[in-house]
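Okay, entry-v3.txt is below, compact mmCIF, C-alpha atoms:
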# COMPACT_ATOMS: atom_id res chain seq x y z
CA MET A 1 155.47 69.76 27.16
CA ARG A 2 154.52 71.31 30.47
CA SER A 3 150.92 70.22 30.06
CA LYS A 4 152.07 66.64 29.45
CA LEU A 5 154.12 66.72 32.67
CA ARG A 6 151.17 68.09 34.63
CA TYR A 7 148.97 65.38 33.18
CA ALA A 8 151.49 62.67 34.10
CA ASN A 9 151.77 63.98 37.66
CA LEU A 10 148.00 64.02 37.98
CA ILE A 11 147.86 60.39 36.87
CA ARG A 12 150.49 59.44 39.46
CA ILE A 13 148.59 61.25 42.25
CA CYS A 14 145.31 59.57 41.31
CA ALA A 15 147.00 56.18 41.17
CA LEU A 16 148.52 56.75 44.60
CA CYS A 17 145.11 57.73 46.03
CA VAL A 18 143.58 54.56 44.61
CA ILE A 19 146.33 52.44 46.18
CA ILE A 20 145.97 54.14 49.59
CA THR A 21 142.19 53.78 49.48
CA ALA A 22 142.45 50.12 48.56
CA LEU A 23 144.97 49.41 51.29
CA THR A 24 142.90 51.28 53.86
CA GLY A 25 139.74 49.53 52.84
CA LEU A 26 141.37 46.14 53.05
CA SER A 27 143.24 46.70 56.27
CA THR A 28 140.58 48.37 58.37
CA PRO A 29 138.36 45.29 58.95
CA ALA A 30 141.41 43.12 59.57
CA MET A 31 142.82 45.63 62.00
CA ALA A 32 139.45 45.91 63.73
CA GLN A 33 139.20 42.15 64.03
CA GLN A 34 142.72 41.98 65.45
CA SER A 35 141.85 44.77 67.90
CA ASP A 36 138.73 42.90 68.98
CA ARG A 37 140.80 39.77 69.53
CA ASN A 38 143.22 41.74 71.69
CA LYS A 39 140.46 43.14 73.92
CA PRO A 40 140.00 41.30 77.21
CA ALA A 41 136.92 39.15 77.37
CA ALA A 42 134.02 40.64 79.32
CA ASP A 43 133.89 39.47 82.93
CA THR A 44 130.66 37.50 83.20
CA SER A 45 131.55 35.78 86.47
CA ARG A 46 129.42 38.25 88.44
CA SER A 47 126.71 38.84 85.85
CA ASN A 48 124.73 35.77 86.90
CA CYS A 49 124.03 34.47 90.38
CA LYS A 50 125.77 31.10 90.35
CA THR A 51 127.53 31.53 93.69
CA ILE A 52 126.18 33.40 96.72
CA THR A 53 129.05 34.99 98.63
CA ILE A 54 128.25 35.59 102.30
CA GLY A 55 129.98 37.96 104.71
CA GLY A 56 129.19 38.79 108.29
CA PRO A 57 130.53 39.26 111.82
CA THR A 58 133.09 36.74 113.05
CA SER A 59 131.41 36.35 116.43
CA TRP A 60 127.68 37.01 116.52
CA GLN A 61 125.97 34.04 118.09
CA PRO A 62 123.83 32.45 116.79
CA ILE A 63 123.87 34.42 113.50
CA SER A 64 127.44 33.99 112.26
CA TYR A 65 130.54 32.74 114.02
CA ILE A 66 133.60 30.52 113.66
CA ALA A 67 133.11 27.12 115.27
CA LYS A 68 135.73 25.29 117.32
CA ASP A 69 136.70 23.23 114.28
CA GLY A 70 137.22 26.36 112.16
CA ARG A 71 133.94 26.17 110.23
CA GLN A 72 132.26 29.48 109.41
CA THR A 73 128.68 28.86 110.40
CA GLY A 74 125.55 30.33 111.98
CA LEU A 75 121.81 30.68 111.50
CA GLY A 76 122.00 33.22 108.66
CA ILE A 77 124.53 31.05 106.83
CA ASP A 78 122.25 28.02 107.33
CA ILE A 79 119.36 29.78 105.59
CA ILE A 80 121.34 30.83 102.53
CA THR A 81 123.05 27.43 102.32
CA GLU A 82 119.69 25.64 102.37
CA TYR A 83 118.34 27.93 99.66
CA ALA A 84 121.44 27.41 97.53
CA LYS A 85 121.20 23.64 97.88
CA ARG A 86 117.58 23.65 96.72
CA ASN A 87 118.38 25.85 93.72
CA ASN A 88 121.67 24.32 92.55
CA LEU A 89 123.76 27.32 93.58
CA ASP A 90 127.18 27.40 95.21
CA VAL A 91 127.94 29.20 98.47
CA ARG A 92 131.15 30.91 99.55
CA VAL A 93 131.46 32.18 103.13
CA ASP A 94 133.97 34.76 104.33
CA ILE A 95 133.25 36.20 107.78
CA GLU A 96 136.90 36.68 108.73
CA MET A 97 137.15 40.37 107.92
CA PRO A 98 136.22 43.59 109.75
CA TRP A 99 132.56 44.56 109.60
CA ALA A 100 133.35 47.90 107.94
CA ARG A 101 135.24 46.07 105.18
CA THR A 102 132.34 43.65 104.78
CA LEU A 103 129.89 46.51 104.26
CA ASP A 104 132.23 48.14 101.74
CA LEU A 105 132.46 44.94 99.68
CA LEU A 106 128.70 44.44 100.01
CA PHE A 107 128.07 47.93 98.65
CA GLN A 108 130.34 47.21 95.67
CA GLY A 109 128.66 43.86 95.00
CA GLU A 110 131.83 41.86 95.69
CA ILE A 111 129.87 40.19 98.49
CA ASP A 112 126.27 39.25 97.75
CA ALA A 113 124.82 39.17 101.26
CA THR A 114 125.56 39.38 104.96
CA ALA A 115 124.52 36.56 107.26
CA GLY A 116 122.63 39.05 109.39
CA ALA A 117 122.07 42.74 110.09
CA TYR A 118 119.71 44.98 112.03
CA PHE A 119 117.44 47.27 110.05
CA LYS A 120 118.83 50.78 109.67
CA THR A 121 116.89 53.48 107.83
CA GLU A 122 119.96 54.85 106.04
CA ARG A 123 121.06 51.37 104.99
CA GLN A 124 117.79 50.72 103.17
CA ARG A 125 118.92 53.08 100.38
CA LEU A 126 122.05 50.98 99.85
CA TYR A 127 120.96 47.39 100.46
CA HIS A 128 117.97 45.04 100.20
CA TYR A 129 116.69 43.40 103.39
CA SER A 130 115.12 39.98 103.65
CA ASP A 131 112.26 39.30 106.03
CA PRO A 132 113.47 38.91 109.65
CA PHE A 133 114.45 35.42 110.78
CA TYR A 134 115.57 36.08 114.37
CA GLU A 135 115.19 38.60 117.20
CA ASP A 136 118.32 39.70 119.05
CA ASP A 137 118.06 41.01 122.62
CA ILE A 138 120.36 43.96 123.30
CA MET A 139 121.40 43.68 126.93
CA VAL A 140 123.05 45.77 129.62
CA PHE A 141 126.00 43.79 131.00
CA GLN A 142 127.18 44.76 134.49
CA HIS A 143 129.93 43.60 136.84
CA VAL A 144 128.47 41.64 139.76
CA ASP A 145 130.36 43.82 142.27
CA ARG A 146 129.25 47.13 140.73
CA ARG A 147 125.55 46.71 140.04
CA PHE A 148 123.25 49.69 139.63
CA GLY A 149 119.52 50.01 139.11
CA TYR A 150 118.38 49.54 135.55
CA ARG A 151 114.94 49.04 133.99
CA GLN A 152 115.10 51.13 130.80
CA ILE A 153 117.66 52.88 128.64
CA SER A 154 117.21 56.24 130.37
CA ASP A 155 118.53 54.63 133.58
CA LEU A 156 121.96 54.48 131.92
CA ARG A 157 122.35 58.26 132.01
CA GLY A 158 125.03 59.32 134.46
CA TYR A 159 127.04 56.11 133.94
CA ARG A 160 129.79 55.38 131.47
CA GLY A 161 129.22 52.53 129.04
CA ALA A 162 130.94 50.71 126.20
CA ARG A 163 129.74 49.22 122.94
CA PRO A 164 131.40 47.66 119.88
CA HIS A 165 132.97 49.97 117.34
CA GLY A 166 131.62 50.14 113.80
CA GLY A 167 128.39 48.21 114.34
CA SER A 168 124.79 49.22 114.92
CA LEU A 169 122.66 48.31 117.92
CA GLY A 170 119.50 49.34 116.10
CA ASN A 171 117.92 52.70 115.28
CA GLU A 172 116.53 53.38 118.75
CA ILE A 173 119.70 52.65 120.73
CA ASP A 174 122.02 54.30 118.21
CA SER A 175 119.99 57.51 118.27
CA TYR A 176 119.51 57.67 122.04
CA SER A 177 123.09 56.66 122.77
CA SER A 178 124.61 59.35 120.56
CA GLN A 179 122.52 62.10 122.13
CA ASN A 180 122.22 61.12 125.79
CA LEU A 181 124.80 58.56 126.92
CA ASP A 182 128.49 58.62 127.78
CA VAL A 183 129.73 55.71 125.69
CA VAL A 184 133.17 54.58 124.54
CA TYR A 185 133.67 52.35 121.51
CA SER A 186 135.79 49.22 121.65
CA PRO A 187 137.40 47.68 118.54
CA THR A 188 136.82 44.11 119.77
CA ILE A 189 134.27 42.37 121.97
CA ASP A 190 137.00 40.77 124.08
CA ARG A 191 138.45 44.19 124.83
CA ILE A 192 135.05 45.64 125.66
CA PHE A 193 134.69 43.29 128.65
CA ASP A 194 138.25 44.05 129.75
CA LEU A 195 137.09 47.64 130.20
CA LEU A 196 134.21 46.50 132.40
CA VAL A 197 136.34 44.14 134.51
CA ALA A 198 138.93 46.88 135.07
CA GLY A 199 136.27 49.37 136.13
CA HIS A 200 136.88 51.79 133.27
CA VAL A 201 133.19 51.58 132.33
CA ASP A 202 130.03 50.78 134.30
CA TYR A 203 128.21 48.70 131.70
CA VAL A 204 128.44 47.17 128.24
CA LEU A 205 125.74 47.21 125.55
CA LEU A 206 125.76 44.02 123.50
CA GLY A 207 123.57 41.26 122.11
CA ARG A 208 122.58 38.73 124.77
CA TYR A 209 124.10 35.57 123.32
CA ASP A 210 126.97 37.37 121.64
CA GLY A 211 127.94 38.65 125.08
CA LEU A 212 127.35 35.38 126.93
CA ALA A 213 129.44 33.42 124.43
CA THR A 214 132.30 35.91 124.79
CA LEU A 215 132.14 35.82 128.60
CA ARG A 216 132.30 32.06 128.52
CA LYS A 217 135.26 32.12 126.13
CA LEU A 218 137.10 34.55 128.42
CA GLY A 219 136.20 32.54 131.54
CA ILE A 220 134.57 35.49 133.30
CA GLN A 221 130.93 34.41 133.10
CA ASP A 222 130.71 34.52 136.93
CA GLU A 223 131.96 38.12 137.10
CA ILE A 224 129.70 39.78 134.56
CA ILE A 225 125.97 39.28 134.07
CA ALA A 226 123.32 40.33 131.56
CA VAL A 227 120.63 42.38 133.30
CA ASP A 228 117.01 42.01 132.17
CA PRO A 229 114.95 43.45 130.62
CA PRO A 230 116.59 43.93 127.22
CA VAL A 231 117.22 47.51 126.14
CA ALA A 232 115.77 46.57 122.75
CA ARG A 233 114.77 43.52 120.75
CA ASN A 234 116.07 43.88 117.22
CA PRO A 235 114.82 41.85 114.25
CA VAL A 236 117.70 40.32 112.28
CA HIS A 237 117.60 40.21 108.47
CA LEU A 238 119.78 38.97 105.66
CA MET A 239 121.12 42.02 103.84
CA PHE A 240 121.79 41.88 100.08
CA SER A 241 123.82 44.18 97.88
CA ARG A 242 121.86 46.21 95.36
CA ASN A 243 124.79 45.55 92.99
CA SER A 244 124.52 41.77 93.31
CA PRO A 245 122.77 39.61 90.71
CA CYS A 246 121.66 37.41 93.61
CA ARG A 247 119.29 40.07 94.93
CA ARG A 248 116.59 38.68 92.61
CA HIS A 249 116.39 35.64 94.90
CA ILE A 250 115.22 37.62 97.96
CA GLN A 251 111.51 36.88 97.52
CA GLN A 252 112.18 33.15 97.27
CA ILE A 253 114.48 33.34 100.30
CA ASN A 254 111.70 35.09 102.22
CA ALA A 255 109.42 32.17 101.35
CA LEU A 256 112.08 29.77 102.64
CA ILE A 257 112.42 31.74 105.90
CA ALA A 258 108.66 31.47 106.41
CA GLU A 259 108.72 27.74 105.66
CA LEU A 260 111.61 27.02 108.02
CA GLY A 261 109.88 29.02 110.73
CA ASP A 262 106.57 27.19 110.29
CA ARG A 263 108.30 23.80 110.42
CA GLY A 264 110.22 24.69 113.58
CA ILE A 265 113.57 24.30 111.83
CA LEU A 266 114.72 27.85 112.58
CA GLN A 267 114.21 27.26 116.30
CA GLU A 268 116.05 23.94 116.08
CA ARG A 269 119.02 25.63 114.42
CA ILE A 270 119.00 28.47 116.97
CA GLU A 271 119.17 25.94 119.79
CA TYR A 272 121.93 24.03 118.03
CA HIS A 273 124.13 27.09 117.50
CA LEU A 274 123.59 28.37 121.04
CA GLY A 275 124.43 24.90 122.31
CA GLN A 276 127.73 25.02 120.48
CA THR A 277 128.78 28.49 121.58
CA VAL A 278 126.96 29.60 124.73
CA PHE A 279 125.92 26.46 126.55
CA ASP A 280 128.56 24.05 125.17
CA VAL A 281 126.15 21.26 124.33
CA ASP A 282 127.80 18.71 122.04
CA ASN A 283 124.65 17.60 120.25
CA GLY A 284 125.99 17.31 116.71
CA SER A 285 124.84 19.22 113.67

Structure re-expressed in structure tokens:
Amino acid sequence: MRSKLRYANLIRICALCVIITALTGLSTPAMAQQSDRNKPAADTSRSNCKTITIGGPTSWQPISYIAKDGRQTGLGIDIITEYAKRNNLDVRVDIEMPWARTLDLLFQGEIDATAGAYFKTERQRLYHYSDPFYEDDIMVFQHVDRRFGYRQISDLRGYRGARPHGGSLGNEIDSYSSQNLDVVYSPTIDRIFDLLVAGHVDYVLLGRYDGLATLRKLGIQDEIIAVDPPVARNPVHLMFSRNSPCRRHIQQINALIAELGDRGILQERIEYHLGQTVFDVDNGS
């Protein structure tokens, strides 16, 4: 009798195992399919370069700036826009954010390129540079009533200067300035000239046309002058994120830069942008 009961229990256990196995075998693929359906779709919006997103300084004439009508424009933006038009790509421009934030987004690949940047050795590990398309003169700006002798950067020793915060003036100036000069950093270009007008500093280091455009905007172009010769002449490059799918276009963009230079179009666009911001020439686009 006991053996019959044990045999019956064994049959029940085996039957239960078969049922569980069958249910598991049937449900697992269905559950997996349902799980796959519930997973968010992969984000492919940044996996291909269909739109080139451009960042850059808000006021860096003629490289990138905001025009009187609110357009975000400049020479670097012109180059990328022309390339995009020829290659059926879209362009999105956002230069209305702090430079430090722009570099952060560029590093992450949320921005594909900046409209312009000086070459910095440490940046080369993080970003890809295009060939240069412009040379920017870094000038010593002085107040007309407080001039002092200047011919080279070493002449600035013993004076107090100011320069923009967060940006580079090129390898040479950055290195010499940090080791040898008494320099304060201003958060905005407008404020930097306030320091000079008020006599808190003796000079300002800034790009030639960037400075002249700001002086004109502030209405103090007769009080402050740019003193030649330039402290440095920095090549300006487009700078691409290493995390951007658009970086593969750099060689073709370099070819476009060479073409536009050979045809004189780069110089035409430089003159146009300077006419709009520094010399106020209404000559159309």

- Message: List as a list of chain:residue names the protein and nucleic acid residues near Arg248 in chain A, meaning an atom at most 12 Å away when only C-alpha atoms are counted, but skip any in the same chain fewer than 3 places from it.
- Response: A:Asn48, A:Cys49, A:Ile52, A:Asp112, A:Ala113, A:His128, A:Tyr129, A:Ser130, A:Phe240, A:Ser241, A:Arg242, A:Asn243, A:Ser244, A:Pro245, A:Gln251, A:Gln252, A:Ile253, A:Asn254

- Query: How far is it from CA of Ile189 in chain A to CA of Ala162 in chain A, in Å with one decimal?
  - Reply: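 Separating CA of Ile189 in chain A from CA of Ala162 in chain A is a distance of 9.9 Å.
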
Per residue of range 164-202 of chain A within 10 Å of range 218-239 of chain A, note the shortest atom pair and the distance in Å to one decimal, counting all atoms listed in the file, and order the rows by chain and increasing residue number, as JSON lines.
{"residue": "A:Leu169", "atom": "CA", "partner": "A:Asn234", "partner_atom": "CA", "distance": 8.0}
{"residue": "A:Gly170", "atom": "CA", "partner": "A:Asn234", "partner_atom": "CA", "distance": 6.5}
{"residue": "A:Asn171", "atom": "CA", "partner": "A:Asn234", "partner_atom": "CA", "distance": 9.2}
{"residue": "A:Glu172", "atom": "CA", "partner": "A:Ala232", "partner_atom": "CA", "distance": 7.9}
{"residue": "A:Ile173", "atom": "CA", "partner": "A:Ala232", "partner_atom": "CA", "distance": 7.5}
{"residue": "A:Asp190", "atom": "CA", "partner": "A:Leu218", "partner_atom": "CA", "distance": 7.6}
{"residue": "A:Phe193", "atom": "CA", "partner": "A:Ile224", "partner_atom": "CA", "distance": 8.5}
{"residue": "A:Asp194", "atom": "CA", "partner": "A:Leu218", "partner_atom": "CA", "distance": 9.7}
{"residue": "A:Leu196", "atom": "CA", "partner": "A:Ile224", "partner_atom": "CA", "distance": 8.4}
{"residue": "A:Val197", "atom": "CA", "partner": "A:Glu223", "partner_atom": "CA", "distance": 7.9}

- What's the 7 Å shell around Pro57 in chain A, counting all atoms listed in the file, without same-chain residues fewer than 6 positions away, as a ChimeraX atom specification? /A:64-65,95,99

- Message: One decimal, in Å: what's the spacing between CA of Tyr272 in chain A and CA of Ala67 in chain A?
- Response: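 Separation between CA of Tyr272 in chain A and CA of Ala67 in chain A: 11.9 Å.
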
- Message: Applying 12 Å and only C-alpha atoms, which residues near Leu156 in chain A remain after dropping the ones on its own chain fewer than 6 positions away? List them as number ranges by chain.
- Response: A: 139-142, 147-150, 162, 173, 176-177, 180-183, 201-205, 231

Pull C-alpha atoms from the residues just selected and write them as a compact mmCIF listing (two decimals), in the coordinates of the input.
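Done, and the output landed in again.txt:
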# COMPACT_ATOMS: atom_id res chain seq x y z
CA MET A 139 121.40 43.68 126.93
CA VAL A 140 123.05 45.77 129.62
CA PHE A 141 126.00 43.79 131.00
CA GLN A 142 127.18 44.76 134.49
CA ARG A 147 125.55 46.71 140.04
CA PHE A 148 123.25 49.69 139.63
CA GLY A 149 119.52 50.01 139.11
CA TYR A 150 118.38 49.54 135.55
CA ALA A 162 130.94 50.71 126.20
CA ILE A 173 119.70 52.65 120.73
CA TYR A 176 119.51 57.67 122.04
CA SER A 177 123.09 56.66 122.77
CA ASN A 180 122.22 61.12 125.79
CA LEU A 181 124.80 58.56 126.92
CA ASP A 182 128.49 58.62 127.78
CA VAL A 183 129.73 55.71 125.69
CA VAL A 201 133.19 51.58 132.33
CA ASP A 202 130.03 50.78 134.30
CA TYR A 203 128.21 48.70 131.70
CA VAL A 204 128.44 47.17 128.24
CA LEU A 205 125.74 47.21 125.55
CA VAL A 231 117.22 47.51 126.14

- Quick one: residues within 12 Å of (132.2, 42.8, 107.0) (file frame), counting all atoms listed in the file, please, as JSON, numbers by chain. {"A": [53, 54, 55, 56, 57, 58, 59, 64, 93, 94, 95, 96, 97, 98, 99, 100, 101, 102, 103, 104, 105, 106, 107, 110, 111, 112, 113, 114, 115, 116, 117, 166, 167, 239]}

- Message: Ranking A:Val144, A:Ala213, A:Ile153, A:Leu206 by minimum distance to Leu274 in chain A and counting all atoms listed in the file, which one comes first?
- Response: A:Ala213

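The space separating CA of Ile138 in chain A from CA of Pro62 in chain A comes to 13.7 Å.
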
- For each of A:Leu215, A:Ala258, A:Ala84, A:Cys246, take the minimum atom-to-atom distance to Phe279 in chain A, counting all atoms listed in the file, then give the residue where this is smallest.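 Of A:Leu215, A:Ala258, A:Ala84, A:Cys246, the one nearest Phe279 in chain A is A:Leu215, counting all atoms listed in the file.
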
Could I see range 230-257 of chain A restored to N, CA and C atoms, set down as a PDB file, in the frame of the given file?
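File out.pdb, as written:
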ATOM      1  N   PRO A 230     115.768  43.434 128.322  1.00  0.00           N
ATOM      2  CA  PRO A 230     116.590  43.930 127.220  1.00  0.00           C
ATOM      3  C   PRO A 230     116.341  45.420 126.963  1.00  0.00           C
ATOM      4  N   VAL A 231     117.377  46.108 126.534  1.00  0.00           N
ATOM      5  CA  VAL A 231     117.220  47.510 126.140  1.00  0.00           C
ATOM      6  C   VAL A 231     116.356  47.590 124.877  1.00  0.00           C
ATOM      7  N   ALA A 232     116.539  46.639 123.990  1.00  0.00           N
ATOM      8  CA  ALA A 232     115.770  46.570 122.750  1.00  0.00           C
ATOM      9  C   ALA A 232     115.779  45.131 122.258  1.00  0.00           C
ATOM     10  N   ARG A 233     114.822  44.820 121.423  1.00  0.00           N
ATOM     11  CA  ARG A 233     114.770  43.520 120.750  1.00  0.00           C
ATOM     12  C   ARG A 233     114.763  43.787 119.256  1.00  0.00           C
ATOM     13  N   ASN A 234     115.887  43.509 118.620  1.00  0.00           N
ATOM     14  CA  ASN A 234     116.070  43.880 117.220  1.00  0.00           C
ATOM     15  C   ASN A 234     115.826  42.705 116.275  1.00  0.00           C
ATOM     16  N   PRO A 235     114.931  42.864 115.298  1.00  0.00           N
ATOM     17  CA  PRO A 235     114.820  41.850 114.250  1.00  0.00           C
ATOM     18  C   PRO A 235     116.112  41.764 113.445  1.00  0.00           C
ATOM     19  N   VAL A 236     116.482  40.554 113.069  1.00  0.00           N
ATOM     20  CA  VAL A 236     117.700  40.320 112.280  1.00  0.00           C
ATOM     21  C   VAL A 236     117.293  39.875 110.877  1.00  0.00           C
ATOM     22  N   HIS A 237     117.897  40.492 109.875  1.00  0.00           N
ATOM     23  CA  HIS A 237     117.600  40.210 108.470  1.00  0.00           C
ATOM     24  C   HIS A 237     118.869  39.789 107.745  1.00  0.00           C
ATOM     25  N   LEU A 238     118.712  39.065 106.649  1.00  0.00           N
ATOM     26  CA  LEU A 238     119.780  38.970 105.660  1.00  0.00           C
ATOM     27  C   LEU A 238     119.821  40.300 104.916  1.00  0.00           C
ATOM     28  N   MET A 239     120.994  40.737 104.527  1.00  0.00           N
ATOM     29  CA  MET A 239     121.120  42.020 103.840  1.00  0.00           C
ATOM     30  C   MET A 239     121.881  41.811 102.534  1.00  0.00           C
ATOM     31  N   PHE A 240     121.228  42.119 101.410  1.00  0.00           N
ATOM     32  CA  PHE A 240     121.790  41.880 100.080  1.00  0.00           C
ATOM     33  C   PHE A 240     122.259  43.173  99.433  1.00  0.00           C
ATOM     34  N   SER A 241     123.308  43.049  98.646  1.00  0.00           N
ATOM     35  CA  SER A 241     123.820  44.180  97.880  1.00  0.00           C
ATOM     36  C   SER A 241     122.865  44.512  96.734  1.00  0.00           C
ATOM     37  N   ARG A 242     122.646  45.787  96.520  1.00  0.00           N
ATOM     38  CA  ARG A 242     121.860  46.210  95.360  1.00  0.00           C
ATOM     39  C   ARG A 242     122.639  46.007  94.059  1.00  0.00           C
ATOM     40  N   ASN A 243     123.948  45.790  94.166  1.00  0.00           N
ATOM     41  CA  ASN A 243     124.790  45.550  92.990  1.00  0.00           C
ATOM     42  C   ASN A 243     125.057  44.065  92.764  1.00  0.00           C
ATOM     43  N   SER A 244     124.333  43.214  93.464  1.00  0.00           N
ATOM     44  CA  SER A 244     124.520  41.770  93.310  1.00  0.00           C
ATOM     45  C   SER A 244     123.430  41.174  92.425  1.00  0.00           C
ATOM     46  N   PRO A 245     123.795  40.286  91.503  1.00  0.00           N
ATOM     47  CA  PRO A 245     122.770  39.610  90.710  1.00  0.00           C
ATOM     48  C   PRO A 245     121.915  38.672  91.552  1.00  0.00           C
ATOM     49  N   CYS A 246     122.389  38.334  92.749  1.00  0.00           N
ATOM     50  CA  CYS A 246     121.660  37.410  93.610  1.00  0.00           C
ATOM     51  C   CYS A 246     120.488  38.073  94.337  1.00  0.00           C
ATOM     52  N   ARG A 247     120.371  39.384  94.231  1.00  0.00           N
ATOM     53  CA  ARG A 247     119.290  40.070  94.930  1.00  0.00           C
ATOM     54  C   ARG A 247     117.918  39.635  94.403  1.00  0.00           C
ATOM     55  N   ARG A 248     117.877  39.115  93.179  1.00  0.00           N
ATOM     56  CA  ARG A 248     116.590  38.680  92.610  1.00  0.00           C
ATOM     57  C   ARG A 248     116.029  37.457  93.319  1.00  0.00           C
ATOM     58  N   HIS A 249     116.844  36.830  94.177  1.00  0.00           N
ATOM     59  CA  HIS A 249     116.390  35.640  94.900  1.00  0.00           C
ATOM     60  C   HIS A 249     115.739  35.984  96.244  1.00  0.00           C
ATOM     61  N   ILE A 250     115.664  37.264  96.607  1.00  0.00           N
ATOM     62  CA  ILE A 250     115.220  37.620  97.960  1.00  0.00           C
ATOM     63  C   ILE A 250     113.794  37.149  98.232  1.00  0.00           C
ATOM     64  N   GLN A 251     112.893  37.299  97.281  1.00  0.00           N
ATOM     65  CA  GLN A 251     111.510  36.880  97.520  1.00  0.00           C
ATOM     66  C   GLN A 251     111.421  35.383  97.799  1.00  0.00           C
ATOM     67  N   GLN A 252     112.183  34.593  97.036  1.00  0.00           N
ATOM     68  CA  GLN A 252     112.180  33.150  97.270  1.00  0.00           C
ATOM     69  C   GLN A 252     112.829  32.806  98.613  1.00  0.00           C
ATOM     70  N   ILE A 253     113.852  33.566  98.992  1.00  0.00           N
ATOM     71  CA  ILE A 253     114.480  33.340 100.300  1.00  0.00           C
ATOM     72  C   ILE A 253     113.513  33.703 101.415  1.00  0.00           C
ATOM     73  N   ASN A 254     112.725  34.750 101.228  1.00  0.00           N
ATOM     74  CA  ASN A 254     111.700  35.090 102.220  1.00  0.00           C
ATOM     75  C   ASN A 254     110.705  33.945 102.392  1.00  0.00           C
ATOM     76  N   ALA A 255     110.335  33.324 101.277  1.00  0.00           N
ATOM     77  CA  ALA A 255     109.420  32.170 101.350  1.00  0.00           C
ATOM     78  C   ALA A 255     110.066  31.023 102.118  1.00  0.00           C
ATOM     79  N   LEU A 256     111.370  30.821 101.915  1.00  0.00           N
ATOM     80  CA  LEU A 256     112.080  29.770 102.640  1.00  0.00           C
ATOM     81  C   LEU A 256     112.139  30.085 104.135  1.00  0.00           C
ATOM     82  N   ILE A 257     112.396  31.342 104.487  1.00  0.00           N
ATOM     83  CA  ILE A 257     112.420  31.740 105.900  1.00  0.00           C
ATOM     84  C   ILE A 257     111.082  31.424 106.557  1.00  0.00           C
TER      85      ILE A 257
END
